[in-house]
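Trainee: For reference, the structure I am asking about is given below.
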Amino acid sequence: MTIAHDDIRVDERSTSVSTMSMAAALNLALADAIQADPEVVVFGEDVGALGGVFRITDGLTARFGEDRCFDTPLAESGIVGTAVGMAMNGMRPVVELQFDAFALPAFEQIVSHVAKLGNRTRGAARMPLVIRIPFGGGIGGVEHHCDSSEAYYAHTPGLTVVSPSTPQDAYSMLRAAIASPDPVVFLEPKKLYWTKGEVDTSITAEIGTARIARDGTDVTLLAYGASVPLALQAAEIAASEGRSVQVVDIRSLSPFDDATVTAAVRATGRAVVIAEAPGYVSVASEIQSRVFERCFEFLEAPVRRVTGFDTPFAPPKLEHWYLPDVDRVLDAIDSLHWEDECGEDQS
């Protein structure tokens with residue numbers, strides 16, 4: 001099975017700044033990491049000759065050989081278990097778990113071993129391990145091929161959990177994740193694989209920091225992954241209606257950048273959290289709670305959420321009803337008790 005459009009391999013002679021898709025940026029980050037560090041290895045289901053379901057590893061085996069990028073059996077628990085042993089012995093494995101729900105058979109390994117070995121050994125055994133997981137909707141995938149399971153990983157102490165929304169962050173954050181001495185769950189919004197943007201390979205990323213994606217003074221939209229372009233689209237429409245909307249790209253779900261988020265919400269006094277996952281006991285609800293705790297005296301209205309529904313992920317034909325859309329975001333903005341100059345409620 002292959003879900004791909006064009007050959008995404010990046011010319012080795014490309015300059016440090018290029019326009020490329022997120023898929024190509026991830027491919028380039030893997031290639032550069034393999035070339036820079038002999039301990040980096042990439043493996044998973046169909047990542048070798050095929051180049052991965054989404055072709056993120058396209059060309060890596062041909063370029064670097066089967067010792068550096070290779071296929072595995074269809075056994076996610078075995079993939080992650082093998083990576084644990086490699087990481088304990090000084091290597092830097094980068095594994096691909098093909099689809100979000102496909103990662104669940106490896107959940108015990110991730111929670112019981114990947115996340116806890118550093119603590120269990122008082123730092124004697126580190127886990128320089130990256131687990132790449134395509135996640136979220138927007139591609140019309142059937143059951144087990146579209147899911148948003150980020151809360152499971154963000155809830156687990158010992159795991160770093162990040163999700164890029166731009167090709168630049170895809171490149172810089174993956175390089176940072178591979179360089180990290182601790183385990184990183186790298187959530188790739190599959191809906192954004194073929195979006196394009198400028199990538200400067202000289203730019204480095206610091207895991208644990210949010211990014212101001214758009215400035216604004218009236219309300220702050222907090223989003224991550226595939227929800228960031230949605231937030232920017234809603235902000236553009238709101239601007240045409242006379243409202244100045246700030247957008248914060250959370251980027252790092254754990255650790256969380258409280259400083260940037262708190263400063264942004266305090267500056268506007270209103271906030272909406274946007275995420276594809278179900279809202280109950282979610283990353284979105286945690287963000288909402290943190291904002292309430294740290295910004296209560298600055299808020300002009302309750303913090304709203306726009307999320308997926310508390311049901312299993314919708315099948316392809318119903319997916320557009322399940323995922324947050326611009327109308328739902330604009331409705332949430334409109335609910336924030338706006339008042340005119342005379343003090344009359346305009347909501």
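Here's how to read the names in the structure tokens: chain A, B, ... by the order shown, residue numbers from 1 in each chain, ligand numbers from 1 in the order shown.
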Identify, on the basis of only C-alpha atoms, every residue whose closest approach to region 23-32 of chain A does not exceed 10 Å; exclude the query and any residue fewer than 2 positions from it along the same chain; express the result as a count of residues only.

Mentor: 55

Trainee: Enumerate as a PyMOL selection string all residues of region 69-293 of chain A assigned to strand (DSSP E) by DSSP on the backbone, naming them with the chain letters and numbers the document uses.

Mentor: chain A and resi 69-71+92-96+130-135+160-162+184-189+196-200+211-214+219-223+245-249+252-254+271-278

Trainee: Neighbours of Pro315 (chain A) within 10 Å (only C-alpha atoms; same-chain residues fewer than 3 positions away dropped), as a PyMOL selection string?

Mentor: chain A and resi 137+140-143+145-146+312+318-320+322

Trainee: Would you kindly return, as a PyMOL selection string, each protein, DNA or RNA residue with an atom no farther than 9 Å from any atom of His155 (chain A), considering only C-alpha atoms and excluding same-chain residues fewer than 4 positions away?

Mentor: chain A and resi 150-151+159+254+283

Trainee: Would you kindly return, as number ranges by chain, each protein, DNA or RNA residue with an atom no farther than 10 Å from any atom of Ala83 (chain A), considering only C-alpha atoms and excluding same-chain residues fewer than 6 positions away?

Mentor: A: 41-43, 77, 89, 91-95, 114, 127-131

Trainee: For the residues in the current selection, export all heavy atoms as a CSV table (one decimal), in the first residue's frame.

Mentor:
```
chain,number,residue,atom,x,y,z
A,41,VAL,N,20.0,5.1,12.7
A,41,VAL,CA,19.4,4.1,11.8
A,41,VAL,C,17.9,4.3,11.7
A,41,VAL,O,17.3,4.8,12.6
A,41,VAL,CB,19.7,2.7,12.3
A,41,VAL,CG1,21.2,2.3,12.1
A,41,VAL,CG2,19.3,2.5,13.7
A,42,VAL,N,17.4,4.1,10.5
A,42,VAL,CA,15.9,4.3,10.3
A,42,VAL,C,15.3,2.9,9.9
A,42,VAL,O,15.9,2.2,9.0
A,42,VAL,CB,15.7,5.3,9.1
A,42,VAL,CG1,14.2,5.4,8.8
A,42,VAL,CG2,16.3,6.6,9.5
A,43,PHE,N,14.2,2.5,10.6
A,43,PHE,CA,13.6,1.3,10.2
A,43,PHE,C,12.1,1.2,10.5
A,43,PHE,O,11.6,2.1,11.3
A,43,PHE,CB,14.3,0.1,10.8
A,43,PHE,CG,14.5,0.1,12.3
A,43,PHE,CD1,13.6,-0.6,13.1
A,43,PHE,CD2,15.5,0.7,12.9
A,43,PHE,CE1,13.8,-0.7,14.5
A,43,PHE,CE2,15.7,0.7,14.3
A,43,PHE,CZ,14.8,0.0,15.1
A,77,SER,N,5.4,-4.0,18.2
A,77,SER,CA,6.0,-4.2,19.5
A,77,SER,C,7.5,-4.6,19.3
A,77,SER,O,8.3,-4.2,20.0
A,77,SER,CB,5.2,-5.3,20.3
A,77,SER,OG,5.8,-5.5,21.5
A,89,ASN,N,22.3,0.7,23.7
A,89,ASN,CA,23.7,0.4,23.4
A,89,ASN,C,24.4,1.4,22.5
A,89,ASN,O,25.3,1.2,21.8
A,89,ASN,CB,23.8,-1.0,22.7
A,89,ASN,CG,23.6,-2.2,23.6
A,89,ASN,OD1,24.5,-2.6,24.3
A,89,ASN,ND2,22.4,-2.7,23.7
A,91,MET,N,23.2,3.5,20.0
A,91,MET,CA,22.7,3.9,18.7
A,91,MET,C,21.5,4.9,18.8
A,91,MET,O,21.0,5.1,19.9
A,91,MET,CB,22.3,2.6,17.9
A,91,MET,CG,23.4,1.6,17.7
A,91,MET,SD,22.9,0.3,16.6
A,91,MET,CE,23.0,1.1,15.0
A,92,ARG,N,21.2,5.5,17.7
A,92,ARG,CA,20.1,6.4,17.7
A,92,ARG,C,19.0,6.0,16.6
A,92,ARG,O,19.0,6.4,15.5
A,92,ARG,CB,20.6,7.9,17.3
A,92,ARG,CG,21.4,8.5,18.4
A,92,ARG,CD,21.8,9.9,18.1
A,92,ARG,NE,22.6,10.5,19.2
A,92,ARG,CZ,22.0,11.1,20.2
A,92,ARG,NH1,20.7,11.3,20.3
A,92,ARG,NH2,22.8,11.6,21.2
A,93,PRO,N,18.2,5.0,17.0
A,93,PRO,CA,17.2,4.5,16.1
A,93,PRO,C,16.0,5.5,15.9
A,93,PRO,O,15.6,6.2,16.8
A,93,PRO,CB,16.7,3.3,16.8
A,93,PRO,CG,16.9,3.5,18.2
A,93,PRO,CD,18.2,4.4,18.3
A,94,VAL,N,15.6,5.6,14.6
A,94,VAL,CA,14.4,6.3,14.3
A,94,VAL,C,13.4,5.3,13.6
A,94,VAL,O,13.7,4.8,12.6
A,94,VAL,CB,14.7,7.5,13.2
A,94,VAL,CG1,13.5,8.3,12.9
A,94,VAL,CG2,15.8,8.4,13.8
A,95,VAL,N,12.3,5.1,14.3
A,95,VAL,CA,11.4,4.1,13.8
A,95,VAL,C,10.1,4.8,13.3
A,95,VAL,O,9.7,5.8,13.8
A,95,VAL,CB,11.0,3.0,14.9
A,95,VAL,CG1,12.3,2.3,15.4
A,95,VAL,CG2,10.3,3.6,16.0
A,114,VAL,N,10.3,2.4,27.0
A,114,VAL,CA,10.9,3.6,26.4
A,114,VAL,C,10.8,4.8,27.3
A,114,VAL,O,11.8,5.5,27.5
A,114,VAL,CB,10.2,3.9,25.0
A,114,VAL,CG1,10.6,5.3,24.5
A,114,VAL,CG2,10.4,2.8,24.0
A,127,MET,N,17.6,7.0,26.4
A,127,MET,CA,16.9,6.5,25.3
A,127,MET,C,16.9,7.5,24.1
A,127,MET,O,15.9,8.2,23.9
A,127,MET,CB,15.4,6.2,25.7
A,127,MET,CG,15.2,4.9,26.5
A,127,MET,SD,15.2,3.5,25.4
A,127,MET,CE,16.7,2.8,25.8
A,128,PRO,N,18.0,7.6,23.4
A,128,PRO,CA,18.0,8.5,22.2
A,128,PRO,C,17.3,7.9,21.0
A,128,PRO,O,17.8,7.4,20.1
A,128,PRO,CB,19.5,8.7,21.9
A,128,PRO,CG,20.1,7.4,22.4
A,128,PRO,CD,19.3,6.9,23.6
A,129,LEU,N,15.9,7.9,21.2
A,129,LEU,CA,15.1,7.1,20.3
A,129,LEU,C,14.0,8.0,19.8
A,129,LEU,O,13.3,8.7,20.6
A,129,LEU,CB,14.5,5.9,21.0
A,129,LEU,CG,13.3,5.2,20.5
A,129,LEU,CD1,13.5,4.6,19.2
A,129,LEU,CD2,12.8,4.1,21.5
A,130,VAL,N,13.7,8.0,18.5
A,130,VAL,CA,12.6,8.7,17.9
A,130,VAL,C,11.6,7.8,17.3
A,130,VAL,O,11.9,6.9,16.6
A,130,VAL,CB,13.1,9.7,16.8
A,130,VAL,CG1,11.9,10.4,16.2
A,130,VAL,CG2,14.1,10.7,17.4
A,131,ILE,N,10.3,8.0,17.7
A,131,ILE,CA,9.2,7.2,17.2
A,131,ILE,C,8.3,8.1,16.3
A,131,ILE,O,7.6,8.9,16.9
A,131,ILE,CB,8.4,6.5,18.3
A,131,ILE,CG1,9.3,5.7,19.2
A,131,ILE,CG2,7.2,5.7,17.8
A,131,ILE,CD1,8.6,5.2,20.5
```

Trainee: Between CA of Thr209 (chain A) and CA of Ser252 (chain A), measure the distance and give it in Å to one decimal.

Mentor: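 Here the two named atoms are 6.2 Å from each other.
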
Trainee: Within 7 Å of Asp147 (chain A), counting only C-alpha atoms, which residues qualify if same-chain residues fewer than 6 places away don't, as a PyMOL selection string?

Mentor: chain A and resi 100-101+135-137+313

Trainee: Residues within 10 Å of Ile287 (chain A), please, as a PyMOL selection string. Count only C-alpha atoms; anything in the same chain fewer than 2 positions from it doesn't count.

Mentor: chain A and resi 222-223+250+253+256+258+261+272-274+282-285+289-293+303+305

Trainee: Give me, as a Markdown table, the closest atom pair and its distance (Å, one decimal) for every residue of region 209-283 of chain A within a cut-off of 7 Å of region 325-340 of chain A, counting only C-alpha atoms, rows sorted by chain and rising number.

Mentor:
```
| residue | atom | partner | partner_atom | distance |
| --- | --- | --- | --- | --- |
| A:Leu230 | CA | A:Val326 | CA | 6.5 |
| A:Ala234 | CA | A:Val326 | CA | 5.4 |
| A:Arg270 | CA | A:Leu336 | CA | 7.0 |
| A:Val272 | CA | A:Ala332 | CA | 6.9 |
```

Trainee: Atoms to include: C-alpha atoms. Write the selected residues as a PDB file, in the first residue's frame.

Mentor:
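So again_34.pdb came out as:
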```pdb
ATOM      1  CA  LEU A 230      -7.119  25.826  10.092  1.00  0.00           C
ATOM      2  CA  ALA A 234     -10.077  31.283  10.518  1.00  0.00           C
ATOM      3  CA  ARG A 270      -9.608  35.606  25.032  1.00  0.00           C
ATOM      4  CA  VAL A 272      -9.841  29.203  21.741  1.00  0.00           C
TER       5      VAL A 272
END
```

Trainee: Mind listing the helix (DSSP H, G or I) residues of region 67-111 of chain A, per DSSP on the backbone, as a list of chain:residue names?

Mentor: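 Those in region 67-111 of chain A that DSSP calls helix (DSSP H, G or I) are A:Glu76, A:Ser77, A:Gly78, A:Ile79, A:Val80, A:Gly81, A:Thr82, A:Ala83, A:Val84, A:Gly85, A:Met86, A:Ala87, A:Met88, A:Ala101, A:Phe102, A:Ala103, A:Leu104, A:Pro105, A:Ala106, A:Phe107, A:Glu108, A:Gln109, A:Ile110, A:Val111.
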
Trainee: Measure the distance from CA of Gly308 (chain A) to CA of Tyr224 (chain A) in Å and round it to one decimal.

Mentor: 13.6 Å

Trainee: Quick one: of A:Gln98, A:Thr204, A:Ser244, A:Ser148, who's nearest to Phe309 (chain A), counting only C-alpha atoms?

Mentor: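 When distances to Phe309 (chain A) are compared using only C-alpha atoms, the smallest one comes from A:Ser148.
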